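The next block holds one structure in the form of structure tokens; read it before the comments.
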Amino acid sequence: MILTECDSCAEGRATGASFCEACGRRLTDTASVGAAGETEATPADAPGPGRSTGLAGRDCPHCAAVGAVAADGYCEECGMLAGRPRDHTEADGDLMAAAVSDRGRRHHRNEDAMWLAVGSDAVDVVVCDGVSASFDPDVASEVAAKAAGELLARAQHPGHAAAGPADRPGTRPDEATAPDTGEEPTEPVEPDEPALPIAEVVGRAIQGAGEAVAQLAGTGDPRRATSNPACTIVAAAVRGPHVGFGWVGDSRVYWIPATGPAEQLSEDDSWARHVIAMGADPRVAMNDPKAHAITAWLGADAGRISPRVGAFTAGAPGHLVLCSDGLWNYLTDPADFGDAVRSALRVATGPRPLLEAARALVAYANSAGGADNITVAIVPVPPQTDADMAEAEGDAVTDSDNETSEA
Amino acid sequence: MSYSAEAFQNEYLAMGASEVNAIVTVTSSGGEGGRRSAGATEIIIVDASGSMQAEGRMAAARQAAKAAVNCIDDGVRFAIIAGVSTAQQLFPDPGQLAEASPQSRADALRAIDRLQASGGTAMGAWLLLAAQLFDQRPGDIKHAILLTDGDNGERFGYLESVLEQIAGRFVCDCRGVGTNWKVSELRKIATAMLGTVDIVARPEGLTAAFEQMITGAMGKTAADVQLKVWTPVNATVRFVKQVEPQVMDLTGKRVEDGPRAGRYPLGSWGQESRDYHVCIDVPSGKAGDEMLAARISVVEGDTVHAQSLVRAVWTEDTALSTRINRQVAHYTGQAELAQTIQDGIAAREAGDERTATIKFGRAAQLAHESGNKATEELLSKVVEIEDAATGTVRLRRKVNAADEMALDTQSTKTVRVGRSQ
């Protein structure tokens, strides 16, 4: 894992970031993830001529032929693919955040993608899950994660240094609102005021990611035109105790406080969620083959994207967890999900506890079958302090100026 | 000259599936266009056997040979072989090649006028002489035209052994004169020599046909291009077929190149594009496994011009594994169309009208579905097509022999699938 520093201001330390969190300059070493030292993910992960996977000369993991893996990643003896850079990637933001993405056990490639950028007191995180039935879904997820991540990094977050009352632990999913599209948020809940503008930024970043994915249909392989690349997205920006989040599709974000019940903040855009809302038995609905059919996604055929967003200010310590359905499908109940995350965090006692916990959750999904790609990101959120509130009063004017100029 | 190779396939296989299909489009570009005036050799072989005396065939053959000579550009080396029981060089002197010029062409035309039909038909011997003459010009683009009534009189198996010996040394296009020749016999030669087979039926179209043929041959810039196919251990190549512009099975022409690879000759290349259907049998994999089923390269000697990968990915998702690749489906249909027409003609010759009707009906359906209008039109001269969509046809009582032979020779011509999807 590589931490990159902005040459200009030596301020933004970022993992997986392309731009300095503080000044917005492009960082020289971009988007570095991966425990095995792989560098930034490339636009299309299909091995091919002239494209090195960094696996050349290794022993084949399938037939054990010595040194038989060719530069394109395939064994020269048995033809099996030795691996891809995206099979397992990790992003380590030390004590600020960590994320792990894994191919799972049943899928031939990892169509999930993630983005993690950490700055001082700030984290941007995006998880995307390619729609398998579309063409090049892995490209869709990668493009979406990168586009949303870069937009989050570029935005002047109005809530960065702002603060508010410390007594609200979070917002419930039913408080999630449609993203701002020029209109003022309707009746903002007063205690969430500093966090709400962050949610708007997240909503705009998801819109931008949607446009980037929609453009893929007209580029590259002609088959993209008939079955356009598509993916889900869940994104969050954390600024001190303030959290803005948003999603399209069935990738989820949870709030897991140190104590008390875990909350699923997002509400799946899925067939199952839809029929459950109409009164179907949740267990029956989740076991239906159509359960995972999503009703909203990013892609050329998605029409106008309406990401749902939400915001809250942490009043007590907790963890924000974003994940793809490869993990939550084994933990559909938020209480079970929260228990699994807390258990993983409790066991992780090494020098990189967040990364270890993320790895443990991925391992859990794999041991449960690993039927889908698995991606999970863990971001601890500090509670708001009295000092935060006092500081926020003084910064309020500047922040609102930033917001205006950005909009 | 630069080449590109692009594979079209549905790489997703259902669990337990082991057959991998791909259409590989090879396109060349950048070579100097037009016809060459040097570095090329053309040999015209004219059947002058006794059987050519009948029905004015000799006159038709003379006319065809003259038309071919008139199409040879100045500077190109050429020779004419008169085919009888042995191979005799008609022009220039035995063992020589002439350089094309107004004078040498006029001399050649006079030599053709002296040609008289007598003796037997020995195609193996004629082709062998052509190969010896071509050997004088290593590195040249080498093209031969064989004009014959196709009734080979050599002992059984001799022609086949000659073809095996000379395959790949030059390209030979075969043209049948009259209607007494056997399409299957000339197709055997054309297939071995990577050429085409057609009927010389209408004298007025002759010059244009030769012009086109020689332009095609002289427009080539690369003489010996090959398709190298690497496959993993325990995999076998079921077939490699050229499927566009015409169907040509290359499977039997494989020359081993190392333990996991083989080379298939593609002949000479100008600026053009051809499609190949590659079918590989691989050991079945587990869910999520991805295998390289074939690494396909366009090679010339040791130079690799282009490469494309054919992959196999096993999935439990039937939405993925049941996707039909349009290219593969289209050319599978075109290959079936060619075979169905040939089967129909064979059944008709054998007097099995029921089978012939079924075969021609299926052919009409395939031609119609794939938009192969040229084949559909030829088919309509042999059968009355009542409803192409359902394949309802009636055999015509009176069929012009030339029409049936034209259908047979053209059955392998394919149309290219649209690349928009």
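Just so we're on the same page: first chain in the structure tokens is A, next is B, and so on; residues restart at 1 for each chain, and ligands are numbered from 1 in the order they show up.
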For this session: Could you please select, counting only C-alpha atoms, the residues of chain B within 6 Å of chain A and state them as number ranges by chain?
Result: B: 232-233, 287-292, 421
Go ahead and write the residues just picked, C-alpha atoms, as a PDB file, in the first residue's frame.
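Contents of the output file result.pdb:
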```pdb
ATOM      1  CA  PRO B 232      -3.494 -25.902 -24.117  1.00  0.00           C
ATOM      2  CA  VAL B 233      -2.643 -29.448 -23.071  1.00  0.00           C
ATOM      3  CA  ALA B 287     -17.480 -22.456 -12.171  1.00  0.00           C
ATOM      4  CA  GLY B 288     -15.443 -19.286 -12.412  1.00  0.00           C
ATOM      5  CA  ASP B 289     -12.525 -20.929 -14.216  1.00  0.00           C
ATOM      6  CA  GLU B 290     -11.096 -19.032 -17.124  1.00  0.00           C
ATOM      7  CA  MET B 291      -8.992 -20.820 -19.723  1.00  0.00           C
ATOM      8  CA  LEU B 292      -7.138 -19.655 -22.765  1.00  0.00           C
ATOM      9  CA  GLN B 421     -23.829  -5.850 -33.048  1.00  0.00           C
TER      10      GLN B 421
END
```
Excluding B:Ala312 and its own-chain neighbours fewer than 6 positions away, which residues fall within 9 Å of it when counting only C-alpha atoms? Please give them as an mmCIF file with all heavy atoms, in the first residue's frame.
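The result, written out as part-v1.cif:
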```
data_model
loop_
_atom_site.group_PDB
_atom_site.id
_atom_site.type_symbol
_atom_site.label_atom_id
_atom_site.label_comp_id
_atom_site.auth_asym_id
_atom_site.auth_seq_id
_atom_site.Cartn_x
_atom_site.Cartn_y
_atom_site.Cartn_z
ATOM 1 N N ASN B 10 -18.649 -16.007 -27.911
ATOM 2 C CA ASN B 10 -19.213 -15.943 -26.563
ATOM 3 C C ASN B 10 -18.327 -16.841 -25.713
ATOM 4 O O ASN B 10 -18.376 -18.059 -25.821
ATOM 5 C CB ASN B 10 -20.658 -16.440 -26.520
ATOM 6 C CG ASN B 10 -21.179 -16.459 -25.095
ATOM 7 O OD1 ASN B 10 -20.630 -15.785 -24.223
ATOM 8 N ND2 ASN B 10 -22.215 -17.242 -24.858
ATOM 9 N N GLU B 11 -17.500 -16.222 -24.884
ATOM 10 C CA GLU B 11 -16.532 -16.998 -24.109
ATOM 11 C C GLU B 11 -17.176 -17.751 -22.950
ATOM 12 O O GLU B 11 -16.562 -18.610 -22.353
ATOM 13 C CB GLU B 11 -15.400 -16.092 -23.599
ATOM 14 C CG GLU B 11 -15.824 -15.001 -22.636
ATOM 15 C CD GLU B 11 -16.188 -13.696 -23.339
ATOM 16 O OE1 GLU B 11 -16.821 -13.756 -24.410
ATOM 17 O OE2 GLU B 11 -15.874 -12.620 -22.802
ATOM 18 N N TYR B 12 -18.450 -17.422 -22.630
ATOM 19 C CA TYR B 12 -19.093 -18.065 -21.488
ATOM 20 C C TYR B 12 -19.650 -19.430 -21.867
ATOM 21 O O TYR B 12 -20.414 -19.559 -22.816
ATOM 22 C CB TYR B 12 -20.210 -17.179 -20.939
ATOM 23 C CG TYR B 12 -19.683 -15.895 -20.369
ATOM 24 C CD1 TYR B 12 -19.773 -14.708 -21.079
ATOM 25 C CD2 TYR B 12 -19.052 -15.886 -19.131
ATOM 26 C CE1 TYR B 12 -19.264 -13.530 -20.561
ATOM 27 C CE2 TYR B 12 -18.540 -14.716 -18.608
ATOM 28 C CZ TYR B 12 -18.650 -13.540 -19.331
ATOM 29 O OH TYR B 12 -18.137 -12.383 -18.809
ATOM 30 N N LEU B 13 -19.243 -20.448 -21.113
ATOM 31 C CA LEU B 13 -19.706 -21.812 -21.364
ATOM 32 C C LEU B 13 -20.515 -22.288 -20.166
ATOM 33 O O LEU B 13 -20.215 -21.949 -19.022
ATOM 34 C CB LEU B 13 -18.513 -22.756 -21.563
ATOM 35 C CG LEU B 13 -17.573 -22.459 -22.734
ATOM 36 C CD1 LEU B 13 -16.492 -23.523 -22.793
ATOM 37 C CD2 LEU B 13 -18.332 -22.401 -24.044
ATOM 38 N N SER B 18 -17.655 -28.104 -23.309
ATOM 39 C CA SER B 18 -16.224 -28.212 -23.618
ATOM 40 C C SER B 18 -15.890 -27.785 -25.041
ATOM 41 O O SER B 18 -14.759 -27.915 -25.473
ATOM 42 C CB SER B 18 -15.762 -29.654 -23.391
ATOM 43 O OG SER B 18 -16.502 -30.523 -24.216
ATOM 44 N N GLU B 19 -16.888 -27.283 -25.775
ATOM 45 C CA GLU B 19 -16.628 -26.865 -27.154
ATOM 46 C C GLU B 19 -16.544 -25.340 -27.213
ATOM 47 O O GLU B 19 -17.462 -24.646 -26.786
ATOM 48 C CB GLU B 19 -17.759 -27.369 -28.059
ATOM 49 C CG GLU B 19 -17.566 -27.002 -29.522
ATOM 50 C CD GLU B 19 -18.782 -27.385 -30.379
ATOM 51 O OE1 GLU B 19 -19.395 -28.431 -30.107
ATOM 52 O OE2 GLU B 19 -19.109 -26.610 -31.293
ATOM 53 N N VAL B 20 -15.434 -24.841 -27.720
ATOM 54 C CA VAL B 20 -15.226 -23.394 -27.801
ATOM 55 C C VAL B 20 -15.200 -22.984 -29.270
ATOM 56 O O VAL B 20 -14.452 -23.558 -30.066
ATOM 57 C CB VAL B 20 -13.886 -22.987 -27.138
ATOM 58 C CG1 VAL B 20 -13.720 -21.477 -27.157
ATOM 59 C CG2 VAL B 20 -13.828 -23.518 -25.717
ATOM 60 N N VAL B 282 -11.972 -28.471 -25.374
ATOM 61 C CA VAL B 282 -11.104 -28.304 -24.202
ATOM 62 C C VAL B 282 -11.655 -29.135 -23.051
ATOM 63 O O VAL B 282 -12.836 -29.485 -23.053
ATOM 64 C CB VAL B 282 -11.027 -26.817 -23.774
ATOM 65 C CG1 VAL B 282 -10.396 -25.975 -24.861
ATOM 66 C CG2 VAL B 282 -12.393 -26.275 -23.406
ATOM 67 N N GLY B 285 -14.181 -27.012 -17.316
ATOM 68 C CA GLY B 285 -13.652 -26.397 -16.101
ATOM 69 C C GLY B 285 -14.702 -26.237 -15.013
ATOM 70 O O GLY B 285 -15.862 -26.620 -15.178
ATOM 71 N N ASP B 289 -13.812 -20.693 -13.560
ATOM 72 C CA ASP B 289 -12.525 -20.929 -14.216
ATOM 73 C C ASP B 289 -12.464 -20.164 -15.531
ATOM 74 O O ASP B 289 -13.448 -20.065 -16.249
ATOM 75 C CB ASP B 289 -12.350 -22.421 -14.539
ATOM 76 C CG ASP B 289 -11.802 -23.199 -13.356
ATOM 77 O OD1 ASP B 289 -11.502 -22.559 -12.343
ATOM 78 O OD2 ASP B 289 -11.679 -24.436 -13.463
ATOM 79 N N GLU B 290 -11.310 -19.640 -15.816
ATOM 80 C CA GLU B 290 -11.096 -19.032 -17.124
ATOM 81 C C GLU B 290 -9.879 -19.688 -17.769
ATOM 82 O O GLU B 290 -8.820 -19.790 -17.165
ATOM 83 C CB GLU B 290 -10.844 -17.527 -17.014
ATOM 84 C CG GLU B 290 -10.440 -16.951 -18.375
ATOM 85 C CD GLU B 290 -10.440 -15.430 -18.442
ATOM 86 O OE1 GLU B 290 -11.043 -14.816 -17.561
ATOM 87 O OE2 GLU B 290 -9.843 -14.910 -19.399
ATOM 88 N N MET B 291 -10.065 -20.131 -19.010
ATOM 89 C CA MET B 291 -8.992 -20.820 -19.723
ATOM 90 C C MET B 291 -8.729 -20.120 -21.044
ATOM 91 O O MET B 291 -9.649 -19.619 -21.682
ATOM 92 C CB MET B 291 -9.411 -22.270 -19.989
ATOM 93 C CG MET B 291 -8.386 -23.088 -20.767
ATOM 94 S SD MET B 291 -9.085 -24.670 -21.317
ATOM 95 C CE MET B 291 -8.985 -25.583 -19.787
ATOM 96 N N LEU B 292 -7.477 -20.098 -21.424
ATOM 97 C CA LEU B 292 -7.138 -19.655 -22.765
ATOM 98 C C LEU B 292 -7.289 -20.888 -23.661
ATOM 99 O O LEU B 292 -6.500 -21.819 -23.566
ATOM 100 C CB LEU B 292 -5.699 -19.121 -22.805
ATOM 101 C CG LEU B 292 -5.247 -18.567 -24.150
ATOM 102 C CD1 LEU B 292 -6.096 -17.366 -24.548
ATOM 103 C CD2 LEU B 292 -3.784 -18.180 -24.105
ATOM 104 N N ALA B 293 -8.327 -20.910 -24.497
ATOM 105 C CA ALA B 293 -8.596 -22.086 -25.330
ATOM 106 C C ALA B 293 -7.713 -22.089 -26.568
ATOM 107 O O ALA B 293 -7.373 -23.139 -27.100
ATOM 108 C CB ALA B 293 -10.064 -22.121 -25.736
#
```
Exercise. What lies within 7 Å of stretch 325-327 of chain B using only C-alpha atoms, ignoring chain neighbours under 2 positions off, as a PyMOL selection string?
Worked result: chain B and resi 8-10+23+323+329-331+417
Please produce a file of the residues just selected, as a PDB file, in the first residue's frame, where the atoms kept are N, CA and C atoms.
```
ATOM      1  N   PHE B   8     -14.151 -13.029 -32.378  1.00  0.00           N
ATOM      2  CA  PHE B   8     -15.528 -12.803 -31.955  1.00  0.00           C
ATOM      3  C   PHE B   8     -16.058 -14.117 -31.388  1.00  0.00           C
ATOM      4  N   GLN B   9     -16.544 -14.099 -30.155  1.00  0.00           N
ATOM      5  CA  GLN B   9     -17.009 -15.340 -29.551  1.00  0.00           C
ATOM      6  C   GLN B   9     -17.891 -15.028 -28.353  1.00  0.00           C
ATOM      7  N   ASN B  10     -18.649 -16.007 -27.911  1.00  0.00           N
ATOM      8  CA  ASN B  10     -19.213 -15.943 -26.563  1.00  0.00           C
ATOM      9  C   ASN B  10     -18.327 -16.841 -25.713  1.00  0.00           C
ATOM     10  N   ILE B  23     -14.959 -16.805 -34.202  1.00  0.00           N
ATOM     11  CA  ILE B  23     -14.686 -16.329 -35.554  1.00  0.00           C
ATOM     12  C   ILE B  23     -13.538 -15.339 -35.433  1.00  0.00           C
ATOM     13  N   ARG B 323     -26.002 -16.993 -24.445  1.00  0.00           N
ATOM     14  CA  ARG B 323     -25.884 -15.931 -25.447  1.00  0.00           C
ATOM     15  C   ARG B 323     -25.334 -16.525 -26.733  1.00  0.00           C
ATOM     16  N   ALA B 329     -22.777 -17.879 -35.170  1.00  0.00           N
ATOM     17  CA  ALA B 329     -24.033 -18.430 -35.680  1.00  0.00           C
ATOM     18  C   ALA B 329     -24.144 -18.221 -37.188  1.00  0.00           C
ATOM     19  N   HIS B 330     -23.772 -17.033 -37.636  1.00  0.00           N
ATOM     20  CA  HIS B 330     -23.883 -16.714 -39.055  1.00  0.00           C
ATOM     21  C   HIS B 330     -23.015 -17.648 -39.906  1.00  0.00           C
ATOM     22  N   TYR B 331     -21.757 -17.800 -39.521  1.00  0.00           N
ATOM     23  CA  TYR B 331     -20.864 -18.605 -40.350  1.00  0.00           C
ATOM     24  C   TYR B 331     -21.104 -20.104 -40.184  1.00  0.00           C
ATOM     25  N   VAL B 417     -21.217 -11.195 -42.144  1.00  0.00           N
ATOM     26  CA  VAL B 417     -22.224 -10.757 -41.177  1.00  0.00           C
ATOM     27  C   VAL B 417     -21.968  -9.294 -40.829  1.00  0.00           C
TER      28      VAL B 417
END
```
Excluding B:Ala294 and residues on its chain fewer than 4 positions from it, collect all residues at most 10 Å away from it, counting only C-alpha atoms, and give them as a compact mmCIF listing (two decimals) with N, CA, C and O atoms, in the first residue's frame.
```txt
# COMPACT_ATOMS: atom_id res chain seq x y z
N GLY A 79 -3.39 -23.64 -20.07
CA GLY A 79 -4.21 -22.55 -20.58
C GLY A 79 -5.02 -21.82 -19.53
O GLY A 79 -5.67 -20.83 -19.83
N VAL B 20 -15.43 -24.84 -27.72
CA VAL B 20 -15.23 -23.39 -27.80
C VAL B 20 -15.20 -22.98 -29.27
O VAL B 20 -14.45 -23.56 -30.07
N ALA B 22 -15.03 -19.69 -32.12
CA ALA B 22 -14.74 -18.27 -32.32
C ALA B 22 -14.57 -17.99 -33.81
O ALA B 22 -14.13 -18.86 -34.57
N LYS B 228 -1.24 -19.45 -36.99
CA LYS B 228 -0.67 -20.34 -35.98
C LYS B 228 -1.66 -20.43 -34.82
O LYS B 228 -2.10 -19.42 -34.30
N VAL B 229 -1.99 -21.65 -34.46
CA VAL B 229 -2.98 -21.86 -33.40
C VAL B 229 -2.34 -22.63 -32.24
O VAL B 229 -1.93 -23.78 -32.40
N TRP B 230 -2.21 -21.94 -31.10
CA TRP B 230 -1.73 -22.59 -29.89
C TRP B 230 -2.94 -23.04 -29.08
O TRP B 230 -3.92 -22.30 -28.95
N THR B 231 -2.89 -24.27 -28.58
CA THR B 231 -3.97 -24.75 -27.70
C THR B 231 -3.35 -25.39 -26.47
O THR B 231 -2.24 -25.92 -26.53
N PRO B 232 -4.06 -25.34 -25.34
CA PRO B 232 -3.49 -25.90 -24.12
C PRO B 232 -3.45 -27.44 -24.15
O PRO B 232 -4.05 -28.07 -25.02
N ALA B 235 -6.28 -30.22 -25.06
CA ALA B 235 -7.26 -29.60 -25.95
C ALA B 235 -6.98 -30.08 -27.37
O ALA B 235 -5.85 -30.41 -27.70
N THR B 236 -8.03 -30.16 -28.19
CA THR B 236 -7.83 -30.54 -29.58
C THR B 236 -8.55 -29.55 -30.49
O THR B 236 -9.61 -29.04 -30.15
N VAL B 237 -7.93 -29.30 -31.64
CA VAL B 237 -8.56 -28.42 -32.62
C VAL B 237 -9.54 -29.27 -33.41
O VAL B 237 -9.13 -30.19 -34.13
N ARG B 260 2.43 -27.68 -28.72
CA ARG B 260 1.07 -27.20 -28.47
C ARG B 260 0.51 -26.36 -29.63
O ARG B 260 -0.54 -25.77 -29.49
N ALA B 261 1.24 -26.26 -30.70
CA ALA B 261 0.80 -25.35 -31.77
C ALA B 261 0.88 -26.00 -33.14
O ALA B 261 1.62 -26.97 -33.35
N VAL B 278 -12.78 -21.07 -35.88
CA VAL B 278 -11.93 -22.00 -35.14
C VAL B 278 -12.79 -22.68 -34.07
O VAL B 278 -13.50 -22.01 -33.33
N CYS B 279 -12.74 -24.00 -34.03
CA CYS B 279 -13.50 -24.76 -33.04
C CYS B 279 -12.54 -25.65 -32.26
O CYS B 279 -11.79 -26.44 -32.85
N ILE B 280 -12.53 -25.48 -30.93
CA ILE B 280 -11.57 -26.20 -30.07
C ILE B 280 -12.35 -27.00 -29.03
O ILE B 280 -13.30 -26.50 -28.44
N VAL B 282 -11.97 -28.47 -25.37
CA VAL B 282 -11.10 -28.30 -24.20
C VAL B 282 -11.66 -29.14 -23.05
O VAL B 282 -12.84 -29.49 -23.05
N SER B 308 -4.56 -12.91 -31.42
CA SER B 308 -5.86 -12.75 -30.80
C SER B 308 -6.10 -13.95 -29.88
O SER B 308 -5.61 -15.04 -30.15
N LEU B 309 -6.86 -13.72 -28.81
CA LEU B 309 -7.07 -14.78 -27.84
C LEU B 309 -8.49 -15.32 -27.91
O LEU B 309 -9.45 -14.56 -28.03
N VAL B 310 -8.61 -16.64 -27.84
CA VAL B 310 -9.92 -17.29 -27.74
C VAL B 310 -10.02 -17.86 -26.33
O VAL B 310 -9.17 -18.64 -25.91
N ARG B 311 -11.03 -17.42 -25.58
CA ARG B 311 -11.10 -17.77 -24.17
C ARG B 311 -12.29 -18.66 -23.88
O ARG B 311 -13.26 -18.71 -24.64
N ALA B 312 -12.23 -19.33 -22.75
CA ALA B 312 -13.36 -20.13 -22.27
C ALA B 312 -13.54 -19.78 -20.80
O ALA B 312 -12.59 -19.81 -20.02
```
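Shortest atom-to-atom contact with A:Ala217 among A:Glu356, A:Asp124, A:Asp136, A:Glu111: A:Asp136, counting only C-alpha atoms.
With only C-alpha atoms taken into account, the protein and nucleic acid residues at most 8 Å from B:Gly75 (excluding it and anything under 2 positions from it in its own chain) are Ser37, Ala38, Asp73, Arg77, Glu99, Ala100 and Ser101 of chain B.
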For the residues in the current selection, export all heavy atoms as a PDB file, in the first residue's frame.
```
ATOM      1  N   SER B  37       3.898  -5.501 -61.412  1.00  0.00           N
ATOM      2  CA  SER B  37       4.419  -5.762 -62.755  1.00  0.00           C
ATOM      3  C   SER B  37       5.706  -6.559 -62.658  1.00  0.00           C
ATOM      4  O   SER B  37       6.273  -6.963 -63.650  1.00  0.00           O
ATOM      5  CB  SER B  37       4.656  -4.444 -63.477  1.00  0.00           C
ATOM      6  OG  SER B  37       5.479  -3.625 -62.678  1.00  0.00           O
ATOM      7  N   ALA B  38       6.196  -6.783 -61.465  1.00  0.00           N
ATOM      8  CA  ALA B  38       7.396  -7.602 -61.290  1.00  0.00           C
ATOM      9  C   ALA B  38       7.222  -8.412 -60.019  1.00  0.00           C
ATOM     10  O   ALA B  38       6.352  -8.106 -59.201  1.00  0.00           O
ATOM     11  CB  ALA B  38       8.632  -6.707 -61.186  1.00  0.00           C
ATOM     12  N   ASP B  73      -0.010  -8.448 -67.070  1.00  0.00           N
ATOM     13  CA  ASP B  73       0.636  -7.143 -67.198  1.00  0.00           C
ATOM     14  C   ASP B  73       2.082  -7.284 -67.660  1.00  0.00           C
ATOM     15  O   ASP B  73       2.743  -8.296 -67.387  1.00  0.00           O
ATOM     16  CB  ASP B  73       0.613  -6.414 -65.849  1.00  0.00           C
ATOM     17  CG  ASP B  73      -0.788  -5.959 -65.486  1.00  0.00           C
ATOM     18  OD1 ASP B  73      -1.621  -5.851 -66.408  1.00  0.00           O
ATOM     19  OD2 ASP B  73      -1.043  -5.735 -64.296  1.00  0.00           O
ATOM     20  N   ARG B  77       6.299 -12.566 -65.182  1.00  0.00           N
ATOM     21  CA  ARG B  77       6.783 -13.793 -65.866  1.00  0.00           C
ATOM     22  C   ARG B  77       5.588 -14.689 -66.121  1.00  0.00           C
ATOM     23  O   ARG B  77       4.696 -14.770 -65.290  1.00  0.00           O
ATOM     24  CB  ARG B  77       7.790 -14.537 -64.980  1.00  0.00           C
ATOM     25  CG  ARG B  77       8.931 -13.686 -64.491  1.00  0.00           C
ATOM     26  CD  ARG B  77       9.880 -13.371 -65.623  1.00  0.00           C
ATOM     27  NE  ARG B  77      10.686 -12.197 -65.263  1.00  0.00           N
ATOM     28  CZ  ARG B  77      11.942 -12.031 -65.655  1.00  0.00           C
ATOM     29  NH1 ARG B  77      12.536 -12.932 -66.421  1.00  0.00           N
ATOM     30  NH2 ARG B  77      12.602 -10.951 -65.315  1.00  0.00           N
ATOM     31  N   GLU B  99       8.881 -13.033 -70.198  1.00  0.00           N
ATOM     32  CA  GLU B  99       8.516 -11.801 -69.523  1.00  0.00           C
ATOM     33  C   GLU B  99       7.428 -11.150 -70.360  1.00  0.00           C
ATOM     34  O   GLU B  99       7.589 -10.964 -71.572  1.00  0.00           O
ATOM     35  CB  GLU B  99       9.725 -10.880 -69.405  1.00  0.00           C
ATOM     36  CG  GLU B  99       9.418  -9.658 -68.565  1.00  0.00           C
ATOM     37  CD  GLU B  99      10.662  -8.764 -68.377  1.00  0.00           C
ATOM     38  OE1 GLU B  99      11.790  -9.292 -68.408  1.00  0.00           O
ATOM     39  OE2 GLU B  99      10.466  -7.544 -68.219  1.00  0.00           O
ATOM     40  N   ALA B 100       6.316 -10.825 -69.739  1.00  0.00           N
ATOM     41  CA  ALA B 100       5.169 -10.323 -70.496  1.00  0.00           C
ATOM     42  C   ALA B 100       5.472  -8.981 -71.156  1.00  0.00           C
ATOM     43  O   ALA B 100       6.034  -8.088 -70.526  1.00  0.00           O
ATOM     44  CB  ALA B 100       3.951 -10.196 -69.586  1.00  0.00           C
ATOM     45  N   SER B 101       5.116  -8.879 -72.453  1.00  0.00           N
ATOM     46  CA  SER B 101       5.270  -7.653 -73.235  1.00  0.00           C
ATOM     47  C   SER B 101       4.296  -7.812 -74.398  1.00  0.00           C
ATOM     48  O   SER B 101       3.788  -8.907 -74.632  1.00  0.00           O
ATOM     49  CB  SER B 101       6.703  -7.515 -73.754  1.00  0.00           C
ATOM     50  OG  SER B 101       6.967  -8.547 -74.696  1.00  0.00           O
TER      51      SER B 101
END
```
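If you measure from each of B:Ser268, B:Thr332, B:Ser370, B:Gln136 to B:Gly195 using only C-alpha atoms, the closest one turns out to be B:Ser268.
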For this session: Report as an NGL selection string: the residues of stretch 64-303 of chain B with a DSSP assignment of alpha helix (DSSP H), based on the backbone of this structure.
Result: :B and (64-70 or 102-113 or 123-134 or 158-166 or 183-192 or 206-218)
Exercise. Tell me, which residues of stretch 14-244 of chain B carry DSSP strand (DSSP E), written as an MDAnalysis selection string?
Worked result: chainID B and resid 19:29 40:47 77:83 87:91 98:99 141:148 171:177 197:200 222:230 236:244
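Counting only C-alpha atoms, stretch 398-408 of chain B has the following residues at most 7 Å away, ignoring those fewer than 2 positions along the same chain: Thr179, Val183, Asp198, Ile199, Ala201, Ile341, Gln342, Leu378, Leu379, Lys381, Val382, Arg396, Gln410 and Ser411 of chain B.
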Would you mind exporting the chosen residues as a PDB file, in the first residue's frame, restricted to C-alpha atoms?
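That gives us part02.pdb:
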```pdb
ATOM      1  CA  THR B 179     -20.536 -29.082 -68.448  1.00  0.00           C
ATOM      2  CA  VAL B 183     -17.053 -30.084 -59.661  1.00  0.00           C
ATOM      3  CA  ASP B 198     -15.840 -21.967 -61.164  1.00  0.00           C
ATOM      4  CA  ILE B 199     -17.467 -22.777 -64.465  1.00  0.00           C
ATOM      5  CA  ALA B 201     -20.082 -21.171 -69.187  1.00  0.00           C
ATOM      6  CA  ILE B 341     -26.271 -27.641 -51.374  1.00  0.00           C
ATOM      7  CA  GLN B 342     -23.532 -30.174 -52.106  1.00  0.00           C
ATOM      8  CA  LEU B 378     -28.489 -19.750 -58.136  1.00  0.00           C
ATOM      9  CA  LEU B 379     -30.623 -22.107 -56.070  1.00  0.00           C
ATOM     10  CA  LYS B 381     -32.526 -22.073 -61.080  1.00  0.00           C
ATOM     11  CA  VAL B 382     -32.339 -25.623 -59.728  1.00  0.00           C
ATOM     12  CA  ARG B 396     -37.349 -28.387 -61.313  1.00  0.00           C
ATOM     13  CA  GLN B 410     -20.636 -21.100 -55.818  1.00  0.00           C
ATOM     14  CA  SER B 411     -22.105 -22.946 -52.836  1.00  0.00           C
TER      15      SER B 411
END
```
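Picture a line from atom CA of B:Gly270 to atom CA of B:Gly124; it runs 28.4 Å.
Residues in contact range of B:Tyr158, defined as at most 12 Å between only C-alpha atoms, with sequence neighbours fewer than 4 positions away removed, read Ala122, Met123, Gly124, Ala125, Trp126, Leu127, Leu128, Asn152, Gly153, Glu154, Val162, Leu163, Glu164 and Gln165 of chain B.
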